[in-house]
Amino acid sequence: MEADACTQSGEQGALLRREGLYSSHLAAWRAARRDRGLDGLKPQQRGPKQRPPAGKAKDKRLAQLERDLRRMKARAERAEALVELQKKVAALLGDPLTDEDEPS
């Protein structure tokens, strides 16, 4: 970097003013160079990372079925909790439900 070649007092400041840069830019570039070598100074693509292609239709279908299964399991757990609540309310009201009373 040209800034590294500045050895005299004030040369680096003059360079920064001439190029319209701040000293924080130099610090960030030096850190990038130190951490990743010269590749750290190359432009980086901004924004969210690109997701890899979804792959085959079979993989998509499997992922969809797994999401559906998780959703259905959660729904079944909620339904079981409601049935248990109904049993407790019925027991409190003096009319306990039995397994034969439950719809199948």
# chains A, B, ... in the order shown; residues from 1 in each chain; ligands from 1
call {"tool": "select_by_dssp", "arguments": {"residues": "region 1-30 of chain A", "states": "alpha helix (DSSP H)", "output": "PyMOL selection string"}}
result
chain A and resi 11-19+23-30
call {"tool": "atom_distance", "arguments": {"atom1": "CA of Glu2 (chain A)", "atom2": "CA of Gly47 (chain A)"}}
result
29.7 Å
call {"tool": "atom_distance", "arguments": {"atom1": "CA of Glu19 (chain A)", "atom2": "CA of Thr7 (chain A)"}}
result
17.5 Å
call {"tool": "atom_distance", "arguments": {"atom1": "CA of Glu11 (chain A)", "atom2": "CA of Arg33 (chain A)"}}
result
21.4 Å
call {"tool": "closest_residue", "arguments": {"among": "A:Leu41, A:Ala3, A:Lys60, A:Trp29", "to": "Arg17 (chain A)", "atoms": "only C-alpha atoms"}}
result
A:Ala3
call {"tool": "decode", "arguments": {"residues": "region 28-99 of chain A", "atoms": "C-alpha atoms", "output": "PDB file, in the first residue's frame"}}
result
ATOM      1  CA  ALA A  28      -9.821  -1.406   8.418  1.00  0.00           C
ATOM      2  CA  TRP A  29      -7.722  -2.230   5.335  1.00  0.00           C
ATOM      3  CA  ARG A  30      -4.721  -3.160   7.436  1.00  0.00           C
ATOM      4  CA  ALA A  31      -6.850  -5.428   9.616  1.00  0.00           C
ATOM      5  CA  ALA A  32      -8.348  -7.094   6.527  1.00  0.00           C
ATOM      6  CA  ARG A  33      -4.890  -7.576   5.037  1.00  0.00           C
ATOM      7  CA  ARG A  34      -3.561  -8.956   8.328  1.00  0.00           C
ATOM      8  CA  ASP A  35      -6.476 -11.376   8.762  1.00  0.00           C
ATOM      9  CA  ARG A  36      -7.000 -12.543   5.169  1.00  0.00           C
ATOM     10  CA  GLY A  37      -3.855 -11.518   3.327  1.00  0.00           C
ATOM     11  CA  LEU A  38      -4.144  -9.711   0.010  1.00  0.00           C
ATOM     12  CA  ASP A  39      -7.468 -11.473  -0.632  1.00  0.00           C
ATOM     13  CA  GLY A  40      -8.852  -9.407   2.245  1.00  0.00           C
ATOM     14  CA  LEU A  41      -8.420  -6.268   0.150  1.00  0.00           C
ATOM     15  CA  LYS A  42     -10.477  -7.556  -2.770  1.00  0.00           C
ATOM     16  CA  PRO A  43     -14.042  -6.237  -3.086  1.00  0.00           C
ATOM     17  CA  GLN A  44     -16.633  -8.282  -1.228  1.00  0.00           C
ATOM     18  CA  GLN A  45     -20.113  -9.014  -2.529  1.00  0.00           C
ATOM     19  CA  ARG A  46     -22.653  -7.235  -0.361  1.00  0.00           C
ATOM     20  CA  GLY A  47     -26.053  -8.415   0.726  1.00  0.00           C
ATOM     21  CA  PRO A  48     -27.368 -11.782   1.827  1.00  0.00           C
ATOM     22  CA  LYS A  49     -25.433 -14.867   0.860  1.00  0.00           C
ATOM     23  CA  GLN A  50     -26.735 -16.727  -2.143  1.00  0.00           C
ATOM     24  CA  ARG A  51     -28.485 -19.931  -1.212  1.00  0.00           C
ATOM     25  CA  PRO A  52     -27.305 -22.973  -3.105  1.00  0.00           C
ATOM     26  CA  PRO A  53     -29.760 -24.367  -5.643  1.00  0.00           C
ATOM     27  CA  ALA A  54     -32.475 -26.399  -3.988  1.00  0.00           C
ATOM     28  CA  GLY A  55     -31.445 -29.489  -5.861  1.00  0.00           C
ATOM     29  CA  LYS A  56     -33.651 -32.215  -7.110  1.00  0.00           C
ATOM     30  CA  ALA A  57     -37.411 -32.298  -6.861  1.00  0.00           C
ATOM     31  CA  LYS A  58     -37.075 -35.243  -4.491  1.00  0.00           C
ATOM     32  CA  ASP A  59     -35.127 -33.086  -2.013  1.00  0.00           C
ATOM     33  CA  LYS A  60     -37.745 -30.335  -2.238  1.00  0.00           C
ATOM     34  CA  ARG A  61     -40.529 -32.816  -1.636  1.00  0.00           C
ATOM     35  CA  LEU A  62     -38.709 -34.321   1.353  1.00  0.00           C
ATOM     36  CA  ALA A  63     -38.183 -30.880   2.897  1.00  0.00           C
ATOM     37  CA  GLN A  64     -41.880 -30.044   2.386  1.00  0.00           C
ATOM     38  CA  LEU A  65     -42.962 -33.325   3.981  1.00  0.00           C
ATOM     39  CA  GLU A  66     -40.689 -32.704   6.972  1.00  0.00           C
ATOM     40  CA  ARG A  67     -42.235 -29.237   7.457  1.00  0.00           C
ATOM     41  CA  ASP A  68     -45.717 -30.727   7.211  1.00  0.00           C
ATOM     42  CA  LEU A  69     -44.839 -33.432   9.721  1.00  0.00           C
ATOM     43  CA  ARG A  70     -43.561 -30.884  12.252  1.00  0.00           C
ATOM     44  CA  ARG A  71     -46.708 -28.792  11.800  1.00  0.00           C
ATOM     45  CA  MET A  72     -48.996 -31.813  12.203  1.00  0.00           C
ATOM     46  CA  LYS A  73     -47.145 -33.009  15.309  1.00  0.00           C
ATOM     47  CA  ALA A  74     -47.583 -29.593  16.913  1.00  0.00           C
ATOM     48  CA  ARG A  75     -51.262 -29.619  15.995  1.00  0.00           C
ATOM     49  CA  ALA A  76     -51.734 -33.111  17.483  1.00  0.00           C
ATOM     50  CA  GLU A  77     -50.014 -32.032  20.714  1.00  0.00           C
ATOM     51  CA  ARG A  78     -52.360 -29.048  21.008  1.00  0.00           C
ATOM     52  CA  ALA A  79     -55.378 -31.296  20.390  1.00  0.00           C
ATOM     53  CA  GLU A  80     -54.235 -33.745  23.078  1.00  0.00           C
ATOM     54  CA  ALA A  81     -53.782 -30.872  25.524  1.00  0.00           C
ATOM     55  CA  LEU A  82     -57.330 -29.677  24.794  1.00  0.00           C
ATOM     56  CA  VAL A  83     -58.735 -33.160  25.395  1.00  0.00           C
ATOM     57  CA  GLU A  84     -56.910 -33.316  28.736  1.00  0.00           C
ATOM     58  CA  LEU A  85     -58.296 -29.907  29.653  1.00  0.00           C
ATOM     59  CA  GLN A  86     -61.822 -31.043  28.759  1.00  0.00           C
ATOM     60  CA  LYS A  87     -61.392 -34.105  30.982  1.00  0.00           C
ATOM     61  CA  LYS A  88     -60.290 -31.938  33.918  1.00  0.00           C
ATOM     62  CA  VAL A  89     -63.172 -29.496  33.453  1.00  0.00           C
ATOM     63  CA  ALA A  90     -65.657 -32.360  33.240  1.00  0.00           C
ATOM     64  CA  ALA A  91     -64.197 -33.899  36.408  1.00  0.00           C
ATOM     65  CA  LEU A  92     -64.519 -30.565  38.224  1.00  0.00           C
ATOM     66  CA  LEU A  93     -68.140 -30.269  37.135  1.00  0.00           C
ATOM     67  CA  GLY A  94     -68.893 -33.767  38.416  1.00  0.00           C
ATOM     68  CA  ASP A  95     -69.347 -35.463  35.057  1.00  0.00           C
ATOM     69  CA  PRO A  96     -65.995 -37.183  34.377  1.00  0.00           C
ATOM     70  CA  LEU A  97     -65.304 -38.233  30.818  1.00  0.00           C
ATOM     71  CA  THR A  98     -64.169 -41.768  30.127  1.00  0.00           C
ATOM     72  CA  ASP A  99     -62.211 -43.104  27.224  1.00  0.00           C
TER      73      ASP A  99
END
